[in-house]
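Listing of my_file29.tsv, TSV, C-alpha atoms
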```tsv
chain	number	residue	atom	x	y	z
A	1	MET	CA	121.07	57.38	115.22
A	2	GLY	CA	122.81	54.42	116.75
A	3	TRP	CA	126.28	53.19	115.82
A	4	ASP	CA	124.77	50.25	113.92
A	5	GLN	CA	122.62	52.68	111.92
A	6	LEU	CA	125.71	54.73	111.10
A	7	THR	CA	127.49	51.61	109.84
A	8	ALA	CA	124.47	50.80	107.66
A	9	LEU	CA	124.38	54.37	106.35
A	10	TRP	CA	128.03	54.23	105.27
A	11	LEU	CA	127.36	50.94	103.45
A	12	ARG	CA	124.53	52.54	101.44
A	13	ILE	CA	126.75	55.28	100.08
A	14	ASP	CA	128.13	54.84	96.57
A	15	PRO	CA	131.51	56.60	96.70
A	16	ALA	CA	131.42	57.15	92.93
A	17	ALA	CA	128.00	58.85	92.99
A	18	GLY	CA	129.36	62.40	92.85
A	19	TRP	CA	129.73	63.43	96.49
A	20	TYR	CA	130.92	66.88	97.46
A	21	LEU	CA	132.90	66.88	100.71
A	22	GLN	CA	133.25	69.98	102.80
A	23	ALA	CA	135.00	70.70	106.09
A	24	VAL	CA	133.32	73.80	107.49
A	25	GLY	CA	135.87	76.44	108.49
A	26	VAL	CA	138.84	74.82	106.74
A	27	ALA	CA	140.57	76.38	103.74
A	28	GLY	CA	141.94	74.21	100.97
A	29	PRO	CA	140.67	71.67	98.45
A	30	ARG	CA	137.19	70.34	99.16
A	31	GLY	CA	136.72	67.76	96.44
A	32	GLY	CA	138.74	65.07	94.73
A	33	SER	CA	140.71	67.33	92.40
A	34	PRO	CA	144.18	68.45	93.54
A	35	GLY	CA	144.74	72.15	93.12
A	36	MET	CA	141.10	73.18	93.37
A	37	GLN	CA	140.80	76.77	94.53
A	38	SER	CA	138.83	77.67	97.62
A	39	THR	CA	139.04	80.09	100.49
A	40	CYS	CA	138.22	79.86	104.15
A	41	PRO	CA	134.61	80.68	105.05
A	42	GLN	CA	133.85	83.74	107.16
A	43	SER	CA	134.65	82.99	110.77
A	44	GLY	CA	131.92	85.13	112.26
A	45	ILE	CA	134.08	85.98	115.25
A	46	PRO	CA	134.50	89.71	115.97
A	47	GLY	CA	138.01	90.94	115.36
A	48	THR	CA	138.91	88.18	112.90
A	49	GLN	CA	139.31	88.58	109.19
A	50	SER	CA	136.70	87.03	106.99
A	51	ALA	CA	137.25	85.65	103.53
A	52	PRO	CA	134.93	84.87	100.66
A	53	ALA	CA	132.87	81.72	100.83
A	54	PRO	CA	134.44	78.51	99.52
A	55	THR	CA	134.33	77.70	95.85
A	56	ILE	CA	133.52	74.05	95.29
A	57	SER	CA	133.76	73.17	91.64
A	58	LYS	CA	134.10	69.41	91.51
A	59	ALA	CA	132.75	66.40	93.36
A	60	ALA	CA	135.29	64.20	95.12
A	61	ASP	CA	136.49	61.06	93.39
A	62	ALA	CA	135.46	57.63	94.71
A	63	ALA	CA	138.80	56.98	96.44
A	64	THR	CA	138.58	60.27	98.35
A	65	VAL	CA	134.98	59.62	99.41
A	66	SER	CA	135.87	56.09	100.58
A	67	ALA	CA	138.86	57.39	102.54
A	68	PHE	CA	136.73	60.15	104.06
A	69	ILE	CA	134.05	57.68	105.20
A	70	GLU	CA	136.64	55.34	106.71
A	71	ARG	CA	138.48	58.12	108.52
A	72	ILE	CA	135.44	60.11	109.70
A	73	ASP	CA	133.90	56.91	111.07
A	74	ALA	CA	137.10	56.13	112.99
A	75	LEU	CA	137.28	59.72	114.30
A	76	LEU	CA	133.65	59.71	115.46
A	77	ARG	CA	133.98	56.35	117.22
A	78	ALA	CA	137.23	57.41	118.92
A	79	ASP	CA	136.09	60.88	120.01
A	80	HIS	CA	132.37	60.45	120.76
A	81	HIS	CA	132.27	58.43	123.97
A	82	GLU	CA	128.58	57.56	123.98
A	83	SER	CA	126.67	54.32	123.45
A	84	TYR	CA	124.85	56.03	120.54
A	85	CYS	CA	126.10	58.10	117.63
A	86	GLY	CA	123.59	60.98	117.53
A	87	ILE	CA	125.89	63.42	115.71
A	88	VAL	CA	125.38	62.34	112.09
A	89	TYR	CA	122.21	63.41	110.30
A	90	ALA	CA	121.07	62.34	106.82
A	91	ASP	CA	118.16	63.65	104.79
A	92	ASP	CA	117.18	60.04	103.99
A	93	LEU	CA	118.75	57.02	105.69
A	94	GLU	CA	117.93	54.71	102.76
A	95	ASN	CA	119.06	57.01	99.93
A	96	PRO	CA	121.06	59.89	101.41
A	97	ARG	CA	121.85	62.99	99.36
A	98	LEU	CA	122.87	65.26	102.25
A	99	ILE	CA	124.75	64.20	105.39
A	100	LYS	CA	125.73	66.58	108.19
A	101	ILE	CA	128.41	65.38	110.58
A	102	PHE	CA	128.95	67.23	113.84
A	103	ASP	CA	132.36	67.35	115.48
A	104	PRO	CA	132.22	65.39	118.75
A	105	ASN	CA	134.64	67.91	120.27
A	106	ASN	CA	132.40	70.89	119.43
A	107	LEU	CA	128.88	69.95	120.50
A	108	GLY	CA	128.05	72.90	122.73
A	109	SER	CA	125.86	72.42	125.78
A	110	SER	CA	123.90	69.30	126.58
A	111	CYS	CA	120.77	68.49	124.54
A	112	GLY	CA	121.33	71.33	122.09
A	113	SER	CA	119.85	73.86	124.50
A	114	SER	CA	122.53	76.42	123.72
A	115	LYS	CA	121.45	79.79	122.32
A	116	ASN	CA	124.15	79.32	119.69
A	117	PRO	CA	124.19	75.61	118.81
A	118	PRO	CA	127.24	74.52	116.83
A	119	GLY	CA	127.02	73.96	113.11
A	120	PRO	CA	128.24	70.80	111.44
A	121	GLY	CA	131.94	70.15	111.11
A	122	TRP	CA	131.63	68.26	107.84
A	123	ILE	CA	129.11	68.06	105.02
A	124	MET	CA	128.66	65.34	102.41
A	125	SER	CA	126.32	66.34	99.60
A	126	ARG	CA	125.29	64.93	96.22
A	127	VAL	CA	124.45	68.48	95.15
A	128	GLU	CA	127.09	71.19	94.95
A	129	PRO	CA	126.65	72.95	98.31
A	130	ASP	CA	125.95	76.61	98.84
A	131	GLU	CA	128.35	78.57	100.97
A	132	ILE	CA	128.49	77.54	104.60
A	133	LEU	CA	129.83	80.15	106.95
A	134	ALA	CA	131.66	78.86	109.99
A	135	ASP	CA	130.66	80.40	113.29
A	136	ARG	CA	134.24	79.91	114.47
A	137	PRO	CA	137.46	78.71	112.84
A	138	ALA	CA	138.05	74.98	112.83
A	139	PRO	CA	140.63	73.83	115.40
A	140	GLU	CA	144.13	73.28	114.02
A	141	ASN	CA	143.97	69.51	114.62
A	142	ARG	CA	140.83	69.28	112.47
A	143	LYS	CA	142.45	71.37	109.74
A	144	ARG	CA	145.47	69.03	109.72
A	145	TRP	CA	143.15	65.98	109.67
A	146	TRP	CA	141.26	67.35	106.65
A	147	ARG	CA	144.39	68.35	104.74
A	148	SER	CA	146.03	64.98	105.36
A	149	LEU	CA	142.93	63.26	104.00
A	150	LEU	CA	143.20	65.22	100.76
A	151	GLY	CA	146.99	64.99	100.53
A	152	ASP	CA	147.39	68.74	101.02
A	153	SER	CA	149.59	68.88	104.11
```

Starting from the coordinates I provided, produce the structure as structure tokens.
Amino acid sequence: MGWDQLTALWLRIDPAAGWYLQAVGVAGPRGGSPGMQSTCPQSGIPGTQSAPAPTISKAADAATVSAFIERIDALLRADHHESYCGIVYADDLENPRLIKIFDPNNLGSSCGSSKNPPGPGWIMSRVEPDEILADRPAPENRKRWWRSLLGDS
């Protein structure tokens, strides 16, 4: 996906369409409702404590989805220093229902040839997502970014 295709994808998204937003490996609210209860996904790293999978009970409101799109786009463009995007995947570019966004600072080895390729950093879904277990905890800067987006700092 090129940067122009990413811009077009964002423009096709209706923020009020009932999007669930999820930051993989980050505890705290995941939708548009303050005070929603959730727990950090299992880290998968030996010697670390695991917690139950997140509980996502409500889609984000339109303002939260719009803010997420604006901020994730800025983050991707600032941190992914390539002439192409290539780290956002949608099930359908014309009418997306599932979008996986990979963290540009956690891409693993070149060309995805790693034995343990990284999972997505963020998920946007029109369907309430199943549990997503993180293979490693999210970095503290990403946790702060997510919490500031949702006003939970």

> Which neighbours of Ile101 of chain A fall inside 7 Å, counting only C-alpha atoms, when residues of the same chain fewer than 3 positions from it are skipped, and could you give them as a PyMOL selection string?
Replying inline: chain A and resi 87-89+120-123

Save out the residues we just selected, C-alpha atoms, as a PDB file, in the frame of the given file.
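File written: again_30.pdb
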```pdb
ATOM      1  CA  ILE A  87     125.890  63.420 115.710  1.00  0.00           C
ATOM      2  CA  VAL A  88     125.380  62.340 112.090  1.00  0.00           C
ATOM      3  CA  TYR A  89     122.210  63.410 110.300  1.00  0.00           C
ATOM      4  CA  PRO A 120     128.240  70.800 111.440  1.00  0.00           C
ATOM      5  CA  GLY A 121     131.940  70.150 111.110  1.00  0.00           C
ATOM      6  CA  TRP A 122     131.630  68.260 107.840  1.00  0.00           C
ATOM      7  CA  ILE A 123     129.110  68.060 105.020  1.00  0.00           C
TER       8      ILE A 123
END
```

>> as JSON, numbers by chain, please: the residues near Ala62 of chain A (cut-off 9 Å, all atoms listed in the file, same-chain neighbours under 6 positions excluded).
In response: {"A": [14, 15, 16, 17, 18, 19, 32]}

> atom CA of Ala63 of chain A to atom CA of Leu21 of chain A: how many Å, to one decimal?
Replying inline: 12.3 Å

>> So, with all atoms listed in the file as the atoms that count, which of A:Trp10, A:Phe68, A:Leu93, A:Glu82 lies closest to Ala23 of chain A?
In response: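 Of A:Trp10, A:Phe68, A:Leu93, A:Glu82, the one nearest Ala23 of chain A, counting all atoms listed in the file, is A:Phe68.
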
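Interatomic distance, atom CA of Pro96 of chain A to atom CA of His80 of chain A: 22.4 Å.
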
>> Rounded to one decimal, what separation in Å do you get between atom CA of Lys100 of chain A and atom CA of Gly86 of chain A?
In response: 11.1 Å

>> From (119.0, 60.7, 102.1), in the file's coordinates, out to 12 Å: which residues are reached, counting only C-alpha atoms? Answer as an NGL selection string.
In response: :A and (9-10 or 12-13 or 88-100 or 124-127)

Given the selection you just returned, output its residues as a file containing C-alpha atoms, formatted as a PDB file, in the frame of the given file.
```
ATOM      1  CA  LEU A   9     124.380  54.370 106.350  1.00  0.00           C
ATOM      2  CA  TRP A  10     128.030  54.230 105.270  1.00  0.00           C
ATOM      3  CA  ARG A  12     124.530  52.540 101.440  1.00  0.00           C
ATOM      4  CA  ILE A  13     126.750  55.280 100.080  1.00  0.00           C
ATOM      5  CA  VAL A  88     125.380  62.340 112.090  1.00  0.00           C
ATOM      6  CA  TYR A  89     122.210  63.410 110.300  1.00  0.00           C
ATOM      7  CA  ALA A  90     121.070  62.340 106.820  1.00  0.00           C
ATOM      8  CA  ASP A  91     118.160  63.650 104.790  1.00  0.00           C
ATOM      9  CA  ASP A  92     117.180  60.040 103.990  1.00  0.00           C
ATOM     10  CA  LEU A  93     118.750  57.020 105.690  1.00  0.00           C
ATOM     11  CA  GLU A  94     117.930  54.710 102.760  1.00  0.00           C
ATOM     12  CA  ASN A  95     119.060  57.010  99.930  1.00  0.00           C
ATOM     13  CA  PRO A  96     121.060  59.890 101.410  1.00  0.00           C
ATOM     14  CA  ARG A  97     121.850  62.990  99.360  1.00  0.00           C
ATOM     15  CA  LEU A  98     122.870  65.260 102.250  1.00  0.00           C
ATOM     16  CA  ILE A  99     124.750  64.200 105.390  1.00  0.00           C
ATOM     17  CA  LYS A 100     125.730  66.580 108.190  1.00  0.00           C
ATOM     18  CA  MET A 124     128.660  65.340 102.410  1.00  0.00           C
ATOM     19  CA  SER A 125     126.320  66.340  99.600  1.00  0.00           C
ATOM     20  CA  ARG A 126     125.290  64.930  96.220  1.00  0.00           C
ATOM     21  CA  VAL A 127     124.450  68.480  95.150  1.00  0.00           C
TER      22      VAL A 127
END
```

What lies within 9 Å of Pro139 of chain A using all atoms listed in the file, ignoring chain neighbours under 3 positions off, as a compact mmCIF listing (two decimals) with C-alpha atoms, in the frame of the given file?
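Wrote it out as around_6.txt, contents follow:
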```txt
# COMPACT_ATOMS: atom_id res chain seq x y z
CA GLY A 25 135.87 76.44 108.49
CA VAL A 26 138.84 74.82 106.74
CA ARG A 136 134.24 79.91 114.47
CA ARG A 142 140.83 69.28 112.47
CA LYS A 143 142.45 71.37 109.74
CA ARG A 144 145.47 69.03 109.72
```

> Between A:Asp61, A:Pro129, A:Gly119, A:Leu75, which has the minimum distance to Asn141 of chain A (counting all atoms listed in the file)?
Replying inline: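 For Asn141 of chain A, the nearest of the given residues is A:Leu75.
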
>> I'd like to know which of A:Trp145, A:Leu11, A:Glu140, A:Glu128 is closest to Ile69 of chain A, using all atoms listed in the file.
In response: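 For Ile69 of chain A, the nearest of the candidates is A:Leu11.
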
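Across A:Ala78, A:Met1, A:Ala60, A:Ala138, the tightest approach to Val24 of chain A is made by A:Ala138 when counting all atoms listed in the file.
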